[in-house]
Every structure is written in structure tokens, then in C-alpha cells.
$ cat data-v8.cif   # mmCIF, C-alpha atoms (C1' of nucleotides)
data_start
#
loop_
_atom_site.label_atom_id
_atom_site.label_comp_id
_atom_site.auth_asym_id
_atom_site.auth_seq_id
_atom_site.Cartn_x
_atom_site.Cartn_y
_atom_site.Cartn_z
CA MET K 1 0.88 12.13 -5.46
CA LEU K 2 -1.14 9.66 -7.51
CA PHE K 3 0.74 6.56 -6.35
CA ALA K 4 -0.15 7.46 -2.77
CA GLU K 5 -3.80 8.16 -3.66
CA HIS K 6 -4.59 5.03 -5.67
CA GLY K 7 -1.60 2.78 -5.08
CA VAL K 8 1.09 2.15 -7.68
CA GLY K 9 -0.84 -0.68 -9.31
CA GLY K 10 -4.00 1.38 -9.40
CA THR K 11 -2.41 4.35 -11.12
CA SER K 12 -2.53 4.46 -14.93
CA LEU K 13 -0.44 6.45 -17.37
CA GLN K 14 -3.62 8.21 -18.38
CA MET K 15 -4.01 9.53 -14.82
CA ILE K 16 -0.37 10.57 -14.69
CA ALA K 17 -0.55 12.39 -18.03
CA GLU K 18 -3.75 14.20 -17.05
CA ARG K 19 -2.30 15.23 -13.71
CA ILE K 20 0.74 16.73 -15.42
CA GLY K 21 -1.41 18.24 -18.15
CA VAL K 22 -0.04 16.44 -21.21
CA THR K 23 -0.95 13.38 -23.23
CA LYS K 24 0.18 9.81 -22.66
CA ALA K 25 2.48 10.01 -25.69
CA ALA K 26 4.35 12.93 -24.11
CA VAL K 27 4.89 10.90 -20.96
CA TYR K 28 6.19 7.99 -23.01
CA HIS K 29 8.72 10.34 -24.59
CA GLN K 30 10.31 10.82 -21.16
CA TYR K 31 9.88 7.30 -19.80
CA ASN K 32 9.82 4.14 -21.87
CA THR K 33 7.69 2.04 -19.51
CA LYS K 34 5.49 2.42 -16.48
CA ALA K 35 8.14 0.60 -14.43
CA GLU K 36 10.60 3.36 -15.29
CA ILE K 37 8.25 5.97 -13.86
CA ILE K 38 7.78 3.97 -10.67
CA ARG K 39 11.52 3.63 -10.36
CA ALA K 40 12.07 7.36 -10.85
CA VAL K 41 9.56 8.21 -8.13
CA ALA K 42 11.05 5.68 -5.71
CA GLU K 43 14.59 6.85 -6.42
CA ALA K 44 13.60 10.47 -5.77
CA GLU K 45 12.20 9.45 -2.40
CA LEU K 46 15.34 7.50 -1.62
CA ASP K 47 17.38 10.58 -2.58
CA ARG K 48 15.55 12.59 0.05
CA LEU K 49 16.17 9.97 2.71
CA GLU K 50 19.84 9.75 1.79
CA MET K 51 20.18 13.53 2.06
CA VAL K 52 18.83 13.34 5.60
CA LEU K 53 21.37 10.63 6.40
CA ASP K 54 24.19 12.69 4.89
CA GLU K 55 23.32 15.69 7.01
CA ALA K 56 23.13 13.59 10.15
CA ASP K 57 26.43 11.91 9.34
CA ALA K 58 28.10 15.32 9.22
CA GLU K 59 27.56 15.70 12.97
CA GLY K 60 30.40 15.16 15.41
CA ASP K 61 29.90 12.11 17.60
CA ALA K 62 27.58 9.11 17.46
CA ALA K 63 25.03 10.56 19.87
CA ARG K 64 24.65 13.75 17.84
CA LYS K 65 24.38 11.77 14.62
CA ARG K 66 21.64 9.69 16.18
CA ASP K 67 19.70 12.71 17.42
CA ALA K 68 20.02 14.40 14.04
CA VAL K 69 18.82 11.38 12.09
CA ILE K 70 15.79 10.94 14.35
CA ILE K 71 14.72 14.54 13.85
CA GLY K 72 15.53 14.43 10.15
CA VAL K 73 13.58 11.26 9.46
CA VAL K 74 10.59 12.46 11.46
CA ASP K 75 10.64 15.79 9.60
CA LEU K 76 10.81 14.03 6.26
CA ALA K 77 7.94 11.71 7.13
CA VAL K 78 5.69 14.52 8.40
CA GLU K 79 6.49 16.74 5.43
CA ARG K 80 5.80 13.97 2.92
CA ARG K 81 3.31 11.83 4.82
CA ARG K 82 1.83 9.83 1.97
CA GLN K 83 4.94 9.45 -0.18
CA VAL K 84 7.11 7.93 2.52
CA GLY K 85 4.43 5.39 3.34
CA THR K 86 4.11 4.51 -0.33
CA LEU K 87 7.83 3.86 -0.69
CA LEU K 88 7.89 1.53 2.30
CA ASN K 89 4.48 -0.12 2.01
CA ASP K 90 3.26 -0.31 -1.58
CA PRO K 91 3.51 -3.97 -2.64
CA VAL K 92 4.51 -3.12 -6.22
CA ILE K 93 7.46 -1.05 -5.04
CA ALA K 94 8.23 -3.58 -2.33
CA ARG K 95 8.52 -6.33 -4.93
CA MET K 96 10.57 -4.13 -7.24
CA TYR K 97 13.01 -3.20 -4.48
CA SER K 98 13.05 -6.31 -2.30
CA LYS K 99 16.52 -7.15 -3.62
CA ASP K 100 17.61 -3.64 -4.50
CA GLU K 101 21.07 -3.02 -3.12
CA ARG K 102 20.65 0.73 -2.82
CA LEU K 103 17.55 0.47 -0.64
CA LEU K 104 19.22 -2.08 1.60
CA ARG K 105 22.36 0.05 1.80
CA VAL K 106 20.38 3.16 2.74
CA LEU K 107 18.39 1.25 5.36
CA GLY K 108 21.64 -0.20 6.66
CA ARG K 109 23.09 3.28 7.01
CA LEU K 110 19.95 4.40 8.83
CA ASP K 111 20.32 1.42 11.13
CA GLN K 112 23.95 2.31 11.87
CA LEU K 113 23.19 5.96 12.53
CA VAL K 114 20.26 5.21 14.82
CA MET K 115 21.68 2.30 16.75
CA GLY K 116 25.30 3.44 16.86
CA PRO K 117 28.51 1.85 15.54
CA ASP K 118 28.46 -0.95 18.10
CA ALA K 119 25.02 -2.22 17.11
CA GLY K 120 24.59 -5.96 16.73
CA PRO K 121 22.60 -7.69 13.98
CA GLY K 122 19.57 -7.75 16.25
CA SER K 123 19.16 -4.03 15.82
CA ALA K 124 17.56 -4.49 12.41
CA LEU K 125 14.17 -5.22 13.93
CA GLU K 126 14.39 -2.14 16.10
CA THR K 127 15.22 0.03 13.10
CA ALA K 128 12.47 -1.62 11.04
CA MET K 129 9.98 -0.89 13.78
CA LEU K 130 11.22 2.66 14.00
CA THR K 131 10.76 3.45 10.30
CA ALA K 132 7.47 1.56 10.16
CA ALA K 133 6.20 3.39 13.24
CA ILE K 134 7.09 6.79 11.81
CA SER K 135 5.92 6.23 8.24
CA GLY K 136 2.78 4.42 9.33
CA ALA K 137 1.79 6.77 12.12
CA VAL K 138 1.74 9.88 9.93
CA ILE K 139 -0.94 8.42 7.65
CA HIS K 140 -2.84 6.52 10.34
CA PRO K 141 -6.63 7.06 10.46
CA LEU K 142 -6.35 8.11 14.10
CA VAL K 143 -3.78 10.77 13.27
CA ALA K 144 -4.71 11.95 9.77
CA HIS K 145 -6.08 15.25 11.06
CA GLN K 146 -3.16 16.06 13.39
CA LYS K 147 -1.23 19.29 12.78
CA ASP K 148 2.32 18.97 11.49
CA ASP K 149 4.20 20.61 14.36
CA ILE K 150 2.43 18.70 17.12
CA LEU K 151 2.91 15.47 15.18
CA ARG K 152 6.60 16.21 14.76
CA SER K 153 7.36 16.80 18.42
CA GLU K 154 5.23 13.90 19.65
CA LEU K 155 6.82 11.50 17.15
CA VAL K 156 10.33 12.48 18.21
CA ARG K 157 9.34 11.94 21.83
CA LEU K 158 7.86 8.48 21.16
CA VAL K 159 10.74 7.42 18.93
CA ARG K 160 13.23 8.31 21.65
CA ARG K 161 11.20 6.31 24.10
CA LEU K 162 11.16 3.34 21.73
CA LEU K 163 14.94 3.55 21.58
CA SER K 164 15.27 3.88 25.38
CA LEU K 165 16.78 7.33 24.99
CA PRO K 166 16.35 10.19 27.48
CA VAL K 167 13.67 12.66 26.44
CA MET D 1 -3.43 -12.89 -0.70
CA LEU D 2 -3.60 -11.04 -3.99
CA PHE D 3 -4.41 -7.64 -2.51
CA ALA D 4 -1.22 -7.87 -0.46
CA GLU D 5 0.83 -9.01 -3.46
CA HIS D 6 -0.24 -6.43 -6.03
CA GLY D 7 -2.18 -3.88 -4.01
CA VAL D 8 -5.95 -3.57 -4.08
CA GLY D 9 -5.94 -1.29 -7.13
CA GLY D 10 -3.53 -3.57 -8.96
CA THR D 11 -5.60 -6.71 -8.45
CA SER D 12 -8.11 -7.58 -11.18
CA LEU D 13 -11.15 -9.81 -11.06
CA GLN D 14 -9.38 -11.99 -13.61
CA MET D 15 -6.57 -12.61 -11.11
CA ILE D 16 -9.02 -13.31 -8.31
CA ALA D 17 -11.02 -15.77 -10.40
CA GLU D 18 -7.89 -17.59 -11.55
CA ARG D 19 -6.55 -17.82 -8.00
CA ILE D 20 -9.80 -19.41 -6.83
CA GLY D 21 -9.98 -21.57 -9.92
CA VAL D 22 -13.20 -20.32 -11.48
CA THR D 23 -14.20 -17.77 -14.11
CA LYS D 24 -14.95 -14.10 -13.62
CA ALA D 25 -18.67 -14.76 -14.10
CA ALA D 26 -18.66 -17.17 -11.16
CA VAL D 27 -17.08 -14.52 -8.97
CA TYR D 28 -19.70 -12.01 -10.05
CA HIS D 29 -22.38 -14.44 -8.94
CA GLN D 30 -21.12 -14.10 -5.35
CA TYR D 31 -20.19 -10.40 -5.41
CA ASN D 32 -21.90 -7.75 -7.51
CA THR D 33 -18.91 -5.39 -7.76
CA LYS D 34 -15.21 -5.29 -7.09
CA ALA D 35 -15.85 -2.88 -4.22
CA GLU D 36 -17.96 -5.57 -2.56
CA ILE D 37 -15.04 -8.00 -2.67
CA ILE D 38 -12.68 -5.43 -1.20
CA ARG D 39 -15.19 -4.75 1.55
CA ALA D 40 -15.59 -8.44 2.34
CA VAL D 41 -11.83 -8.90 2.68
CA ALA D 42 -11.45 -5.82 4.87
CA GLU D 43 -14.38 -6.82 7.07
CA ALA D 44 -12.90 -10.29 7.58
CA GLU D 45 -9.66 -8.72 8.73
CA LEU D 46 -11.55 -6.39 11.05
CA ASP D 47 -13.41 -9.43 12.41
CA ARG D 48 -10.10 -10.99 13.41
CA LEU D 49 -8.92 -7.84 15.12
CA GLU D 50 -12.22 -7.52 16.97
CA MET D 51 -11.97 -11.11 18.17
CA VAL D 52 -8.55 -10.32 19.66
CA LEU D 53 -10.05 -7.29 21.41
CA ASP D 54 -12.96 -9.38 22.73
CA GLU D 55 -10.61 -11.95 24.22
CA ALA D 56 -8.48 -9.27 25.85
CA ASP D 57 -11.54 -7.53 27.22
CA ALA D 58 -12.54 -10.74 28.98
CA GLU D 59 -9.53 -10.40 31.27
CA GLY D 60 -9.94 -9.13 34.82
CA ASP D 61 -8.30 -5.76 35.37
CA ALA D 62 -6.98 -3.05 33.05
CA ALA D 63 -3.36 -4.19 33.28
CA ARG D 64 -4.24 -7.74 32.26
CA LYS D 65 -6.43 -6.48 29.42
CA ARG D 66 -3.55 -4.36 28.19
CA ASP D 67 -1.06 -7.22 28.31
CA ALA D 68 -3.48 -9.54 26.53
CA VAL D 69 -4.22 -7.08 23.74
CA ILE D 70 -0.53 -6.43 23.13
CA ILE D 71 0.20 -10.14 22.77
CA GLY D 72 -2.95 -10.72 20.73
CA VAL D 73 -2.29 -7.92 18.26
CA VAL D 74 1.34 -8.95 17.82
CA ASP D 75 0.30 -12.56 17.25
CA LEU D 76 -2.28 -11.50 14.69
CA ALA D 77 0.19 -9.30 12.83
CA VAL D 78 2.92 -11.96 12.73
CA GLU D 79 0.46 -14.67 11.68
CA ARG D 80 -1.00 -12.53 8.90
CA ARG D 81 1.92 -10.27 8.06
CA ARG D 82 0.82 -9.04 4.65
CA GLN D 83 -2.91 -8.84 5.24
CA VAL D 84 -2.74 -6.63 8.31
CA GLY D 85 -0.47 -4.21 6.51
CA THR D 86 -2.85 -4.12 3.56
CA LEU D 87 -5.82 -3.27 5.73
CA LEU D 88 -4.00 -0.37 7.39
CA ASN D 89 -1.90 0.90 4.49
CA ASP D 90 -3.51 0.26 1.12
CA PRO D 91 -4.73 3.62 -0.20
CA VAL D 92 -7.86 2.14 -1.81
CA ILE D 93 -8.99 0.60 1.47
CA ALA D 94 -7.87 3.70 3.37
CA ARG D 95 -10.14 5.85 1.22
CA MET D 96 -13.01 3.40 1.48
CA TYR D 97 -12.77 3.26 5.28
CA SER D 98 -11.56 6.74 6.18
CA LYS D 99 -15.02 7.59 7.50
CA ASP D 100 -16.13 4.06 8.34
CA GLU D 101 -17.60 4.03 11.82
CA ARG D 102 -16.78 0.40 12.50
CA LEU D 103 -13.05 0.85 11.82
CA LEU D 104 -12.93 3.93 14.01
CA ARG D 105 -14.86 2.14 16.75
CA VAL D 106 -12.51 -0.85 16.67
CA LEU D 107 -9.43 1.39 16.72
CA GLY D 108 -11.01 3.34 19.57
CA ARG D 109 -11.50 0.12 21.53
CA LEU D 110 -7.90 -0.85 20.84
CA ASP D 111 -6.81 2.57 22.09
CA GLN D 112 -8.83 2.14 25.30
CA LEU D 113 -7.51 -1.34 25.96
CA VAL D 114 -3.89 -0.38 25.38
CA MET D 115 -3.83 2.98 27.11
CA GLY D 116 -6.24 2.20 29.91
CA PRO D 117 -9.58 3.71 30.91
CA ASP D 118 -8.01 6.97 32.09
CA ALA D 119 -6.31 7.74 28.78
CA GLY D 120 -6.60 11.26 27.44
CA PRO D 121 -7.23 12.24 23.81
CA GLY D 122 -3.47 12.50 23.28
CA SER D 123 -3.19 8.74 23.42
CA ALA D 124 -4.43 8.37 19.86
CA LEU D 125 -1.02 9.12 18.41
CA GLU D 126 0.58 6.58 20.69
CA THR D 127 -1.89 3.90 19.61
CA ALA D 128 -1.48 4.88 15.96
CA MET D 129 2.26 4.52 16.28
CA LEU D 130 1.81 1.20 18.00
CA THR D 131 -0.35 -0.36 15.30
CA ALA D 132 1.77 1.19 12.54
CA ALA D 133 4.94 -0.08 14.15
CA ILE D 134 3.62 -3.61 14.47
CA SER D 135 1.94 -3.90 11.08
CA GLY D 136 4.80 -2.18 9.30
CA ALA D 137 7.64 -3.97 11.03
CA VAL D 138 6.41 -7.46 10.12
CA ILE D 139 6.64 -6.71 6.38
CA HIS D 140 9.70 -4.47 6.55
CA PRO D 141 12.55 -5.29 4.12
CA LEU D 142 14.96 -5.53 7.06
CA VAL D 143 12.77 -8.11 8.80
CA ALA D 144 11.13 -10.05 5.96
CA HIS D 145 13.29 -13.12 6.62
CA GLN D 146 12.85 -13.18 10.40
CA LYS D 147 11.32 -16.30 11.96
CA ASP D 148 7.85 -15.98 13.46
CA ASP D 149 8.62 -16.84 17.07
CA ILE D 150 11.62 -14.53 17.38
CA LEU D 151 9.68 -11.76 15.71
CA ARG D 152 6.81 -12.26 18.12
CA SER D 153 8.85 -12.02 21.31
CA GLU D 154 10.97 -9.12 20.09
CA LEU D 155 7.92 -7.17 18.97
CA VAL D 156 6.20 -7.60 22.32
CA ARG D 157 9.36 -6.42 24.04
CA LEU D 158 9.68 -3.31 21.85
CA VAL D 159 5.98 -2.49 22.07
CA ARG D 160 6.14 -2.59 25.86
CA ARG D 161 9.12 -0.30 25.75
CA LEU D 162 7.26 2.10 23.45
CA LEU D 163 4.46 2.18 26.02
CA SER D 164 6.87 2.67 28.94
CA LEU D 165 5.82 -0.64 30.45
CA PRO D 166 8.07 -2.95 32.46
CA VAL D 167 9.49 -5.80 30.39
"C1'" DG U 1 8.50 17.65 -27.08
"C1'" DT U 2 3.84 17.37 -27.81
"C1'" DC U 3 0.12 16.06 -30.44
"C1'" DT U 4 -3.62 12.62 -32.91
"C1'" DA U 5 -4.53 8.11 -33.99
"C1'" DT U 6 -4.22 3.55 -33.38
"C1'" DA U 7 -2.92 -1.41 -32.07
"C1'" DG U 8 -3.69 -5.21 -29.14
"C1'" DA U 9 -4.50 -6.76 -24.68
"C1'" DA U 10 -6.88 -6.40 -20.26
"C1'" DT U 11 -10.36 -4.19 -17.47
"C1'" DG U 12 -15.20 -4.36 -14.86
"C1'" DA U 13 -19.48 -6.06 -15.75
"C1'" DT U 14 -23.60 -8.56 -18.11
"C1'" DA U 15 -26.55 -12.04 -20.86
"C1'" DG U 16 -27.91 -16.43 -21.43
"C1'" DA U 17 -27.08 -21.61 -21.76
"C1'" DC U 18 -26.42 -25.75 -18.80
"C1'" DG O 1 -23.32 -22.07 -9.41
"C1'" DT O 2 -20.47 -22.25 -13.19
"C1'" DC O 3 -19.69 -21.84 -17.86
"C1'" DT O 4 -18.90 -19.28 -22.79
"C1'" DA O 5 -19.42 -15.23 -25.12
"C1'" DT O 6 -19.73 -10.63 -25.36
"C1'" DC O 7 -20.02 -5.38 -24.24
"C1'" DA O 8 -17.99 -0.91 -23.68
"C1'" DT O 9 -14.13 1.00 -21.64
"C1'" DT O 10 -9.54 1.43 -20.28
"C1'" DC O 11 -4.92 -0.19 -20.29
"C1'" DT O 12 0.23 -0.04 -21.93
"C1'" DA O 13 2.64 1.10 -25.73
"C1'" DT O 14 3.80 2.65 -30.60
"C1'" DA O 15 3.76 5.24 -35.21
"C1'" DG O 16 3.99 9.31 -37.44
"C1'" DA O 17 2.77 14.36 -38.16
"C1'" DC O 18 3.97 19.12 -36.54
#
$ encode --input "data-v8.cif" --output "C-alpha cells"
Amino acid sequence: MLFAEHGVGGTSLQMIAERIGVTKAAVYHQYNTKAEIIRAVAEAELDRLEMVLDEADAEGDAARKRDAVIIGVVDLAVERRRQVGTLLNDPVIARMYSKDERLLRVLGRLDQLVMGPDAGPGSALETAMLTAAISGAVIHPLVAHQKDDILRSELVRLVRRLLSLPV
Amino acid sequence: MLFAEHGVGGTSLQMIAERIGVTKAAVYHQYNTKAEIIRAVAEAELDRLEMVLDEADAEGDAARKRDAVIIGVVDLAVERRRQVGTLLNDPVIARMYSKDERLLRVLGRLDQLVMGPDAGPGSALETAMLTAAISGAVIHPLVAHQKDDILRSELVRLVRRLLSLPV
DNA sequence: GTCTATAGAATGATAGAC
DNA sequence: GTCTATCATTCTATAGAC
């Protein structure tokens, strides 16, 4: 993904068109502005996260929902290392979505699923740290070379420890 | 900081010059290329991190070093929320420093100080998660509004939990 | 839908005066 | 050291042919 390679602000429509294999004009036929492209990419990533939440929410009780969402989010982050980090960390997207109600709603749902229905308002920091830890760890210089399956199991273990859950 | 606001790739020399209050030509008198500016900013941030490590290393035993580095890194991240995230997450800097020996050496030192002298190679992921969690949490949408002092104490508490340390 | 061609602004970088 | 002026290139975006 180009946004993850050069940052959103450092990616031009020329690059995007060349990567796809068409001209700029063809890209502009699908999207009217660069902002629209950014939005489409961010929304697609949010779709994936929401699917993970939906699947977890289909579980029976709160504990199973929580376990499912932890595994699901870790899987998503490992599978799409760079993209998840871009969504959460790129300053252009951050500015675009700082007041976006969908992003806040999805993060709120994640918070509820992870921390349980009786979570107070103080749980936000814990959830923030959780998502930051996962999305940041998978692209960290110290971990860049790590194999997917080892990364997955270790991340789940550390996340559970962060949440004071039994491993 | 402009790099934190628009990303490194999305920041132009025009913007930098205007922010300082001079012309582009004046900036080019100090730095020969844009890459040189990026490097200077990243090095300054690394300097700060290394100073924190130096102070922690001056403590007596391993446990005190570890406690000092946790508090120092959290303080640094809260004090410079955006900048720390930029150094660790911006793809342009990441590419520039992916094979930089100084960055790897500093992160290695951090790993040693946090995990102790008897830490195995598996500790890298734990340290990666730690730095990612701290640097990512402080700029997270769910936490952006949080006051500095509360953020500081809560982060230290959660970091210690992540490391299985007594709070 | 995709192309060529182009407009007008912004980009990184340089030359030369003060 | 800082300025104005400029260079070649690239940028976002549009017009119009096929």
C-alpha cells in the first residue's frame, strides 16, 4: 500500500495511477479528489475492523466476546501490518477523522467488547493503549522481521497480560 | 511540529520556511537537502531518548534502572506526544532509519534497561509493544483530550502491568 | 472508462545581489 | 544569513477525443 510506504501526504495521484497501471485521468474518473481516495481507503480499513467486531459480538457471553475480539484484532493487525498502523497513526487521516463519528463509534464498540459492559469511562486509555500497542508493535523496527504466527501468539499473550487476564 | 501535523512526506520546505519566518533560500543555507532536515529532527528526538536512558542507567541496581526508564520514557512521550509518534511511525523516517545503527543501538539499550541484563532475545517484542503502546496511546483519538498528569500516572501503571511488575 | 494534452499552482533546489 | 528571482519538475485537477 502506497499510503503506508510514503505516508498519505507523500503519496501522489501519479504514484497511485502508476501502481494500478492506468493514467491519472482514469483515477479521477473514479474519485473526484485526492481526499475522496483517502477516505475510501480509510473506510475500507474501518470496514475490516467492524467485521471483526461483528464476529466477536456474535459470541455468547461477555468473556467470549472479549476473547474473540482480542484474537480478531491481533489477526487483523498481523495480516495487514502497515495498513492498520496507517489508519491509526497517519496525521492526514488523523486530522480527517478526528471528529468522525463512525471512527469514534467503532472504537467505542471495541472498548465495550474488550473491557466488558460494566466498564467505566477510564477504560478508554486502556483500550487506546491496547490498539496502539498492537498496531504499533507489528511495524516496530525491533519486530519487522518476526514471522506472522509467532507474532500472533505472542501479541495475544501480551495483550491478555496488559488486560490482567489469565493466559 | 509540522512533520507531526502533515507527515514528513506531506511537509514542504515552503511550509517549514514560513513556520520559521524566513524564505526557502534561507533554510537551504542551513540544510542542503530536505533529507538533511528530516535527519536533524529525528536525531534531536533520538538525543532526547538517549538522555532519558543515560539518566536511568545512572541508577544503582537493575530494578531501579528499570523503574527510572519507565517513568522517563512515559514522561518524554507525554511531553512530546506528537513528535515521539512521528519518529516511530512516520513511514519516511522508518525507511530512512530501518537500517540505522544508532536507532537500533538506542532501542537495544532501552530493551536492556527495561527487561534487565538477563533478558533473552524474545524480549524484543515486549519492548516493541511497550514503546508502541506508549507512543501510540498518547496520540490516540480516545485519549487526545486527556490531561498530562493523569495520562502520565495511568500510563506508568499500565506499562508496569504489561511487564508483570508490581504496581 | 481510458487516453492525450494541458492549465495553474506548488515542489525541491540554485544563482546572485545585499 | 537572508533576500528576490528563477529553474526544471511534479502536483492536483480538468477538457475533450476515442
$ resolve_selection --input "data-v8.cif" --expression "the PyMOL selection byres ((chain U and resi 10-16) around 7)" --output "count of residues only"
4
$ interface_residues --input "data-v8.cif" --of "chain D" --to "chain O" --cutoff "8 Å" --atoms "only C-alpha atoms (C1' of nucleotides)" --output "compact mmCIF listing (two decimals) with C-alpha atoms, in the coordinates of the input"
# COMPACT_ATOMS: atom_id res chain seq x y z
CA VAL D 22 -13.20 -20.32 -11.48
CA THR D 23 -14.20 -17.77 -14.11
CA ALA D 25 -18.67 -14.76 -14.10
CA ALA D 26 -18.66 -17.17 -11.16
CA HIS D 29 -22.38 -14.44 -8.94
$ atom_distance --input "data-v8.cif" --atom1 "CA of Asp61 in chain D" --atom2 "CA of Leu113 in chain D"
10.4 Å
$ atom_distance --input "data-v8.cif" --atom1 "CA of Glu154 in chain K" --atom2 "CA of Ala62 in chain K"
23.0 Å
$ resolve_selection --input "data-v8.cif" --expression "the PyMOL selection byres ((chain D and resi 163) around 10)" --output "VMD selection string"
(chain K and resid 158 161 to 162) or (chain D and resid 114 to 115 126 to 127 130 158 to 162 164 to 166)
$ resolve_selection --input "data-v8.cif" --expression "the PyMOL selection byres ((chain K) within 8 of (chain D))" --output "ChimeraX atom specification"
/K:4-11,85,88-92,94,98,104,107,124-126,128-137,140-143,154,158-159,161-162,164
